[in-house]
>>> print(open('coords24.cif').read())   # mmCIF, C-alpha atoms
data_target
#
loop_
_atom_site.label_atom_id
_atom_site.label_comp_id
_atom_site.auth_asym_id
_atom_site.auth_seq_id
_atom_site.Cartn_x
_atom_site.Cartn_y
_atom_site.Cartn_z
CA PHE A 1 70.06 60.55 84.98
CA ASP A 2 66.66 61.62 86.34
CA ASP A 3 67.77 62.64 89.85
CA TYR A 4 68.13 66.27 88.86
CA SER A 5 68.52 67.70 92.37
CA LYS A 6 71.44 65.41 93.16
CA MET A 7 73.23 66.27 89.92
CA ASN A 8 72.33 69.98 90.04
CA PRO A 9 72.20 71.21 93.66
CA GLN A 10 70.67 74.57 94.47
CA THR A 11 72.95 77.49 95.29
CA PRO A 12 72.27 81.17 96.03
CA GLN A 13 73.55 81.90 92.52
CA ALA A 14 71.44 79.12 90.94
CA PRO A 15 68.21 78.71 92.95
CA HIS A 16 66.53 76.86 90.07
CA ALA A 17 69.47 74.64 89.12
CA ALA A 18 67.61 71.34 89.04
CA ALA A 19 64.58 72.84 87.27
CA ASP A 20 66.85 74.46 84.69
CA ALA A 21 68.62 71.16 84.03
CA TYR A 22 65.34 69.27 83.73
CA LEU A 23 63.86 71.70 81.22
CA SER A 24 67.08 71.88 79.24
CA THR A 25 68.26 68.26 79.12
CA GLY A 26 65.03 66.43 79.84
CA ARG A 27 62.72 68.52 77.69
CA GLY A 28 65.04 70.07 75.11
CA PHE A 29 64.07 73.68 75.88
CA SER A 30 66.05 76.89 75.80
CA ILE A 31 66.15 78.12 79.40
CA LYS A 32 66.84 81.70 78.34
CA SER A 33 63.47 81.99 76.61
CA LEU A 34 61.63 80.70 79.71
CA GLN A 35 63.11 83.00 82.34
CA GLY A 36 60.49 84.20 84.83
CA LEU A 37 57.89 81.62 83.83
CA TYR A 38 58.72 78.97 86.44
CA THR A 39 60.35 78.34 89.82
CA GLN A 40 61.93 75.34 91.50
CA GLU A 41 59.88 74.07 94.43
CA ASP A 42 59.64 70.93 96.60
CA TYR A 43 57.03 68.23 97.13
CA TYR A 44 56.95 65.62 99.89
CA ASP A 45 54.68 62.56 99.71
CA ARG A 46 53.70 61.65 103.28
CA GLU A 47 52.49 58.17 102.36
CA LYS A 48 55.65 57.20 100.51
CA ARG A 49 57.85 59.32 102.79
CA GLN A 50 59.81 60.59 99.86
CA GLY A 51 60.37 64.01 98.40
CA THR A 52 61.37 65.59 95.12
CA ALA A 53 62.11 68.92 93.54
CA THR A 54 59.48 70.26 91.15
CA VAL A 55 59.24 72.70 88.27
CA ARG A 56 56.31 74.97 89.07
CA PHE A 57 54.42 77.24 86.69
CA PRO A 58 51.97 79.83 88.07
CA LEU A 59 48.53 79.91 86.43
CA VAL A 60 46.42 82.93 85.55
CA LYS A 61 43.72 82.44 88.20
CA GLY A 62 46.17 82.21 91.07
CA GLY A 63 46.96 78.49 91.31
CA TRP A 64 49.89 76.60 89.85
CA TRP A 65 50.89 73.39 88.08
CA GLU A 66 54.10 71.57 88.86
CA ARG A 67 56.03 68.60 87.49
CA LEU A 68 57.87 66.19 89.80
CA ILE A 69 61.41 65.83 88.46
CA ASP A 70 63.52 63.63 90.78
CA ARG A 71 62.97 59.95 89.91
CA PRO A 72 59.23 60.57 89.39
CA HIS A 73 58.55 56.84 88.93
CA ARG A 74 58.65 56.59 92.74
CA PHE A 75 55.29 58.36 92.92
CA GLY A 76 53.42 56.10 90.49
CA LYS A 77 50.94 57.94 88.32
CA LYS A 78 51.38 61.16 90.29
CA LYS A 79 53.97 62.84 88.08
CA ALA A 80 52.39 66.30 88.21
CA ARG A 81 50.17 68.30 90.55
CA PHE A 82 47.83 71.27 90.55
CA ALA A 83 47.55 73.62 93.52
CA PRO A 84 44.99 72.04 95.90
CA GLY A 85 41.66 73.84 95.91
CA GLU A 86 42.50 76.13 92.99
CA SER A 87 40.76 76.15 89.58
CA TYR A 88 42.14 76.85 86.11
CA ALA A 89 38.74 76.56 84.42
CA GLY A 90 38.08 78.86 81.48
CA VAL A 91 41.60 80.30 81.19
CA TRP A 92 44.59 79.00 79.29
CA TRP A 93 48.30 79.16 80.20
CA ALA A 94 50.33 81.23 77.78
CA ALA A 95 54.04 81.80 77.55
CA ALA A 96 53.53 83.62 74.27
CA ALA A 97 53.73 87.38 74.57
CA THR A 98 50.42 89.25 74.45
CA GLU A 99 51.50 90.92 71.22
CA GLN A 100 52.18 87.52 69.63
CA LEU A 101 48.69 86.32 70.54
CA ARG A 102 47.19 89.44 68.99
CA THR A 103 49.04 89.14 65.69
CA ALA A 104 49.45 85.38 65.09
CA ARG A 105 47.48 83.99 62.15
CA GLU A 106 47.11 80.67 64.01
CA VAL A 107 46.89 79.94 67.74
CA TRP A 108 47.42 76.32 68.72
CA ILE A 109 45.60 75.07 71.82
CA VAL A 110 47.24 72.01 73.37
CA GLU A 111 46.80 70.19 76.67
CA GLY A 112 50.03 70.63 78.60
CA ILE A 113 52.47 73.41 79.36
CA PHE A 114 55.41 71.44 77.96
CA ASP A 115 53.45 70.85 74.75
CA ALA A 116 52.88 74.59 74.37
CA ILE A 117 56.54 75.40 75.07
CA ALA A 118 57.68 72.79 72.53
CA LEU A 119 55.53 74.42 69.84
CA LEU A 120 56.78 77.89 70.80
CA HIS A 121 60.32 76.64 70.32
CA ARG A 122 59.29 75.67 66.78
CA GLY A 123 57.90 79.09 65.97
CA VAL A 124 54.24 78.23 66.63
CA CYS A 125 52.05 80.46 68.80
CA ALA A 126 50.64 78.00 71.33
CA VAL A 127 48.77 78.00 74.64
CA ALA A 128 47.89 75.23 77.11
CA ALA A 129 44.31 74.42 78.11
CA MET A 130 45.77 72.20 80.92
CA SER A 131 43.50 69.21 80.13
CA SER A 132 41.47 67.89 77.22
CA ASN A 133 38.12 68.61 78.87
CA ALA A 134 39.02 72.20 79.76
CA TYR A 135 37.49 74.69 77.33
CA PRO A 136 39.26 78.09 77.69
CA GLU A 137 36.14 80.16 77.12
CA LEU A 138 37.25 83.25 79.05
CA SER A 139 40.57 83.43 77.22
CA LEU A 140 38.92 82.92 73.83
CA LYS A 141 36.42 85.72 74.50
CA GLU A 142 39.23 87.99 75.69
CA LEU A 143 41.20 87.31 72.50
CA ARG A 144 38.10 87.88 70.36
CA ASP A 145 37.46 91.22 72.05
CA ALA A 146 41.11 92.23 71.55
CA ARG A 147 41.05 91.56 67.79
CA PRO A 148 37.35 91.46 66.76
CA HIS A 149 37.92 91.89 63.02
CA ASP A 150 41.10 89.86 62.79
CA LEU A 151 40.51 86.54 64.54
CA PRO A 152 43.22 83.89 64.24
CA THR A 153 42.53 80.32 63.18
CA LEU A 154 42.48 78.00 66.18
CA VAL A 155 44.28 74.67 65.89
CA TRP A 156 43.12 72.20 68.56
CA GLY A 157 46.13 69.97 69.21
CA LEU A 158 44.80 67.83 72.05
CA ASP A 159 46.03 64.30 72.68
CA ASN A 160 45.22 61.69 70.05
CA GLU A 161 43.12 59.37 72.21
CA PRO A 162 39.41 58.48 72.21
CA GLY A 163 38.46 60.64 75.19
CA ALA A 164 40.13 63.71 73.77
CA HIS A 165 38.62 63.20 70.30
CA ALA A 166 35.14 64.05 71.53
CA TYR A 167 36.41 67.13 73.35
CA THR A 168 38.32 68.32 70.28
CA ILE A 169 35.14 68.22 68.19
CA LYS A 170 33.06 69.79 70.96
CA HIS A 171 35.55 72.60 71.66
CA ALA A 172 35.96 73.40 67.96
CA ARG A 173 32.20 73.70 67.45
CA ARG A 174 31.89 75.99 70.49
CA ALA A 175 34.73 78.19 69.29
CA GLU A 176 33.18 78.45 65.82
CA LYS A 177 30.11 79.97 67.43
CA LEU A 178 32.38 82.69 68.81
CA GLY A 179 33.48 83.46 65.26
CA TYR A 180 36.72 81.47 65.10
CA ARG A 181 37.74 79.21 62.24
CA CYS A 182 38.97 75.91 63.66
CA LYS A 183 41.31 73.13 62.63
CA ALA A 184 42.69 70.18 64.56
CA ALA A 185 46.05 68.42 64.78
CA GLN A 186 46.28 64.82 65.95
CA ILE A 187 49.78 63.36 66.38
CA GLU A 188 50.28 60.00 64.68
CA GLN A 189 50.63 57.36 67.40
CA SER A 190 52.73 54.21 67.12
CA GLY A 191 53.52 51.63 69.78
CA ASP A 192 52.29 51.65 73.36
CA LYS A 193 53.88 54.92 74.49
CA LYS A 194 51.88 58.08 73.89
CA THR A 195 53.62 60.65 71.68
CA ASP A 196 53.00 64.34 72.43
CA TRP A 197 54.27 67.65 71.02
CA ASN A 198 57.29 67.70 73.32
CA ASP A 199 58.20 64.22 72.03
CA LEU A 200 58.05 65.49 68.43
CA HIS A 201 60.26 68.44 69.40
CA LEU A 202 62.83 66.06 70.93
CA ARG A 203 62.63 63.75 67.93
CA ALA A 204 63.33 66.65 65.59
CA GLN A 205 66.33 67.67 67.71
CA ALA A 206 67.72 64.13 67.45
CA THR A 207 67.22 63.94 63.66
CA GLU A 208 69.86 65.07 61.15
CA ASP A 209 67.32 67.18 59.26
CA GLY A 210 65.21 68.18 62.23
CA ASP A 211 63.16 70.83 60.44
CA ALA A 212 62.07 68.36 57.75
CA GLN A 213 61.17 65.79 60.39
CA TRP A 214 59.13 68.36 62.31
CA ARG A 215 57.28 69.51 59.17
CA ALA A 216 56.46 65.92 58.23
CA ASP A 217 55.13 65.15 61.73
CA VAL A 218 53.03 68.32 61.83
CA ASP A 219 51.70 67.72 58.31
CA MET A 220 50.53 64.24 59.31
CA ALA A 221 48.99 65.61 62.52
CA LEU A 222 47.02 68.24 60.57
CA HIS A 223 45.83 65.54 58.16
CA ASN A 224 44.62 63.40 61.07
CA GLY A 225 42.96 66.46 62.58
CA ALA A 226 41.13 67.27 59.35
CA ILE A 227 39.79 63.72 59.30
CA LEU A 228 38.61 64.06 62.91
CA LEU A 229 36.73 67.32 62.25
CA ALA A 230 35.16 66.21 58.95
CA LYS A 231 31.47 67.10 59.12
CA THR A 232 30.28 64.43 56.65
CA ALA A 233 31.40 61.01 55.50
CA MET A 234 31.96 62.45 52.01
CA GLU A 235 34.26 65.14 53.39
CA LYS A 236 36.28 62.55 55.30
CA GLY A 237 36.59 60.35 52.22
CA LEU A 238 37.83 63.25 50.09
CA ILE A 239 40.44 64.20 52.71
CA ILE A 240 41.81 60.66 52.69
CA TYR A 241 41.72 60.50 48.88
CA GLU A 242 43.55 63.82 48.53
CA ARG A 243 46.50 62.58 50.58
CA GLU A 244 46.67 58.91 49.62
CA GLN A 245 45.24 59.02 46.05
CA ARG A 246 43.39 55.75 46.60
CA THR A 247 40.14 55.70 44.63
CA GLN A 248 38.48 52.94 46.65
CA PHE A 249 38.65 52.16 50.36
CA HIS A 250 36.51 51.48 53.41
CA MET A 251 36.33 53.88 56.35
CA ASP A 252 34.32 54.46 59.50
CA TYR A 253 32.43 57.65 60.27
CA ARG A 254 30.36 58.18 63.42
CA ASN A 255 30.19 54.47 64.21
CA ARG A 256 29.15 53.47 60.68
CA LEU A 257 31.22 51.72 58.03
CA TYR A 258 31.37 53.26 54.54
CA TRP A 259 32.80 52.29 51.18
CA PHE A 260 34.35 55.21 49.31
CA ASP A 261 34.54 55.04 45.51
CA PHE A 262 36.03 58.02 43.69
CA ASP A 263 35.09 58.57 40.04
CA PRO A 264 37.09 61.56 38.67
CA SER A 265 34.77 62.25 35.74
CA ARG A 266 31.66 62.26 37.92
CA PHE A 267 33.42 64.45 40.47
CA ASP A 268 34.47 66.98 37.81
CA LYS A 269 30.88 67.23 36.59
#
>>> encode(input="coords24.cif", output="structure tokens")
Amino acid sequence: FDDYSKMNPQTPQAPHAAADAYLSTGRGFSIKSLQGLYTQEDYYDREKRQGTATVRFPLVKGGWWERLIDRPHRFGKKKARFAPGESYAGVWWAAAATEQLRTAREVWIVEGIFDAIALLHRGVCAVAAMSSNAYPELSLKELRDARPHDLPTLVWGLDNEPGAHAYTIKHARRAEKLGYRCKAAQIEQSGDKKTDWNDLHLRAQATEDGDAQWRADVDMALHNGAILLAKTAMEKGLIIYEREQRTQFHMDYRNRLYWFDFDPSRFDK
């Protein structure tokens, strides 16, 4: 099922047939809403002597990012590529219309293009930083200059893994210095396979009450993000208490172990 070129051959009438099928059936996206944002290209691995079609998205600074779509397991860890020699530093990828970015109350910053598209399909204004360590400073300054007295809240939805945690905190603090209010969203992880925003979008599509499933997943992600960005151990403890209503529990904060004990009467005073 993952040999998209074989099942969807290119024709003059459908030059992006395999890419369309991949985005539609493999990613759960509406092709109509993505018209003009991507092309179907080819990649050939000289070492493995094998080729594949790709879905390629142009980037703002002139390069591109592409996803290998025909039996990508053949290429090991190389499932996606950036244009050799090009840089995406400082600028995000955005499918959202300029007007949407200038009016949205929240702008979500995620790692990958498919993550951003998944959120857009759910009515969320989202952009892709392209990696967890990439801070889109130029784009943030451009947005600030475009709406100086009406800045949106930024929601940093990077991957929920140790390396990205540090970058989420670092990026949020830098953005706050530009005048933005920041939140974070960390997807709840279970099992060995990483779950991203596109996975949550697909899960909602496969659930009878998809909207409720999506809201529950996002609510948990925002809770996890609030815990990550807590600036004190007390703040973290109160966030956990507010959701779970446990009055006593242990927790870690900045490599220290704490015991949290909530006394309602003392707190009210």
>>> closest_residue(input="coords24.cif", among="A:Cys182, A:Cys125, A:Ile109, A:Leu120", to="Leu158 (chain A)", atoms="all atoms listed in the file")
A:Ile109
>>> resolve_selection(input="coords24.cif", expression="the PyMOL selection byres ((chain A and resi 212-221) around 10)", output="number ranges by chain")
A: 122, 157, 160, 184-189, 197, 200-211, 222-227, 243
>>> write_last_selection(input="coords24.cif", atoms="C-alpha atoms", output="PDB file, keeping the file's coordinate frame")
ATOM      1  CA  ARG A 122      59.290  75.670  66.780  1.00  0.00           C
ATOM      2  CA  GLY A 157      46.130  69.970  69.210  1.00  0.00           C
ATOM      3  CA  ASN A 160      45.220  61.690  70.050  1.00  0.00           C
ATOM      4  CA  ALA A 184      42.690  70.180  64.560  1.00  0.00           C
ATOM      5  CA  ALA A 185      46.050  68.420  64.780  1.00  0.00           C
ATOM      6  CA  GLN A 186      46.280  64.820  65.950  1.00  0.00           C
ATOM      7  CA  ILE A 187      49.780  63.360  66.380  1.00  0.00           C
ATOM      8  CA  GLU A 188      50.280  60.000  64.680  1.00  0.00           C
ATOM      9  CA  GLN A 189      50.630  57.360  67.400  1.00  0.00           C
ATOM     10  CA  TRP A 197      54.270  67.650  71.020  1.00  0.00           C
ATOM     11  CA  LEU A 200      58.050  65.490  68.430  1.00  0.00           C
ATOM     12  CA  HIS A 201      60.260  68.440  69.400  1.00  0.00           C
ATOM     13  CA  LEU A 202      62.830  66.060  70.930  1.00  0.00           C
ATOM     14  CA  ARG A 203      62.630  63.750  67.930  1.00  0.00           C
ATOM     15  CA  ALA A 204      63.330  66.650  65.590  1.00  0.00           C
ATOM     16  CA  GLN A 205      66.330  67.670  67.710  1.00  0.00           C
ATOM     17  CA  ALA A 206      67.720  64.130  67.450  1.00  0.00           C
ATOM     18  CA  THR A 207      67.220  63.940  63.660  1.00  0.00           C
ATOM     19  CA  GLU A 208      69.860  65.070  61.150  1.00  0.00           C
ATOM     20  CA  ASP A 209      67.320  67.180  59.260  1.00  0.00           C
ATOM     21  CA  GLY A 210      65.210  68.180  62.230  1.00  0.00           C
ATOM     22  CA  ASP A 211      63.160  70.830  60.440  1.00  0.00           C
ATOM     23  CA  LEU A 222      47.020  68.240  60.570  1.00  0.00           C
ATOM     24  CA  HIS A 223      45.830  65.540  58.160  1.00  0.00           C
ATOM     25  CA  ASN A 224      44.620  63.400  61.070  1.00  0.00           C
ATOM     26  CA  GLY A 225      42.960  66.460  62.580  1.00  0.00           C
ATOM     27  CA  ALA A 226      41.130  67.270  59.350  1.00  0.00           C
ATOM     28  CA  ILE A 227      39.790  63.720  59.300  1.00  0.00           C
ATOM     29  CA  ARG A 243      46.500  62.580  50.580  1.00  0.00           C
TER      30      ARG A 243
END
>>> resolve_selection(input="coords24.cif", expression="the PyMOL selection byres ((chain A and resi 152) around 12)", output="ChimeraX atom specification")
/A:100-109,125-126,140,143-144,146-151,153-155,175-176,178-183
>>> atom_distance(input="coords24.cif", atom1="CA of Leu229 (chain A)", atom2="CA of Ala89 (chain A)")
24.1 Å
>>> resolve_selection(input="coords24.cif", expression="the PyMOL selection byres ((chain A and resi 4) around 7)", output="ChimeraX atom specification")
/A:2-3,5-8,18,21-22,69-70
>>> residues_near_point(input="coords24.cif", point="(46.7, 84.3, 90.9)", cutoff="12 Å", atoms="all atoms listed in the file", output="ChimeraX atom specification")
/A:57-64,83,86-88,91,93
>>> closest_residue(input="coords24.cif", among="A:Lys79, A:Arg256, A:His16, A:Arg246", to="Gly36 (chain A)", atoms="only C-alpha atoms")
A:His16
>>> closest_residue(input="coords24.cif", among="A:Tyr135, A:Tyr253, A:Tyr38, A:Trp156", to="Arg174 (chain A)", atoms="only C-alpha atoms")
A:Tyr135
>>> atom_distance(input="coords24.cif", atom1="CA of Arg81 (chain A)", atom2="CA of Leu68 (chain A)")
8.0 Å
>>> decode(input="coords24.cif", residues="region 128-157 of chain A", atoms="C-alpha atoms", output="PDB file, in the first residue's frame")
ATOM      1  CA  ALA A 128       6.406  24.713  10.820  1.00  0.00           C
ATOM      2  CA  ALA A 129       9.818  25.614  12.239  1.00  0.00           C
ATOM      3  CA  MET A 130      11.234  22.554  10.362  1.00  0.00           C
ATOM      4  CA  SER A 131      13.179  21.230  13.387  1.00  0.00           C
ATOM      5  CA  SER A 132      13.111  21.565  17.161  1.00  0.00           C
ATOM      6  CA  ASN A 133      16.345  23.558  17.325  1.00  0.00           C
ATOM      7  CA  ALA A 134      15.255  26.052  14.654  1.00  0.00           C
ATOM      8  CA  TYR A 135      14.061  29.328  16.170  1.00  0.00           C
ATOM      9  CA  PRO A 136      12.066  31.305  13.543  1.00  0.00           C
ATOM     10  CA  GLU A 137      13.316  34.706  14.662  1.00  0.00           C
ATOM     11  CA  LEU A 138      12.901  36.500  11.325  1.00  0.00           C
ATOM     12  CA  SER A 139       9.313  35.313  10.926  1.00  0.00           C
ATOM     13  CA  LEU A 140       8.441  36.228  14.510  1.00  0.00           C
ATOM     14  CA  LYS A 141       9.840  39.740  14.073  1.00  0.00           C
ATOM     15  CA  GLU A 142       7.978  40.116  10.779  1.00  0.00           C
ATOM     16  CA  LEU A 143       4.717  39.075  12.450  1.00  0.00           C
ATOM     17  CA  ARG A 144       5.357  41.428  15.381  1.00  0.00           C
ATOM     18  CA  ASP A 145       5.946  44.335  13.005  1.00  0.00           C
ATOM     19  CA  ALA A 146       2.759  43.482  11.087  1.00  0.00           C
ATOM     20  CA  ARG A 147       0.561  43.544  14.213  1.00  0.00           C
ATOM     21  CA  PRO A 148       2.536  45.440  16.896  1.00  0.00           C
ATOM     22  CA  HIS A 149      -0.409  46.126  19.213  1.00  0.00           C
ATOM     23  CA  ASP A 150      -2.229  42.859  18.646  1.00  0.00           C
ATOM     24  CA  LEU A 151       0.272  40.027  19.073  1.00  0.00           C
ATOM     25  CA  PRO A 152      -1.084  36.478  19.059  1.00  0.00           C
ATOM     26  CA  THR A 153      -0.262  33.930  21.733  1.00  0.00           C
ATOM     27  CA  LEU A 154       2.373  31.485  20.519  1.00  0.00           C
ATOM     28  CA  VAL A 155       1.862  27.797  21.262  1.00  0.00           C
ATOM     29  CA  TRP A 156       5.109  25.826  20.923  1.00  0.00           C
ATOM     30  CA  GLY A 157       4.042  22.335  19.862  1.00  0.00           C
TER      31      GLY A 157
END
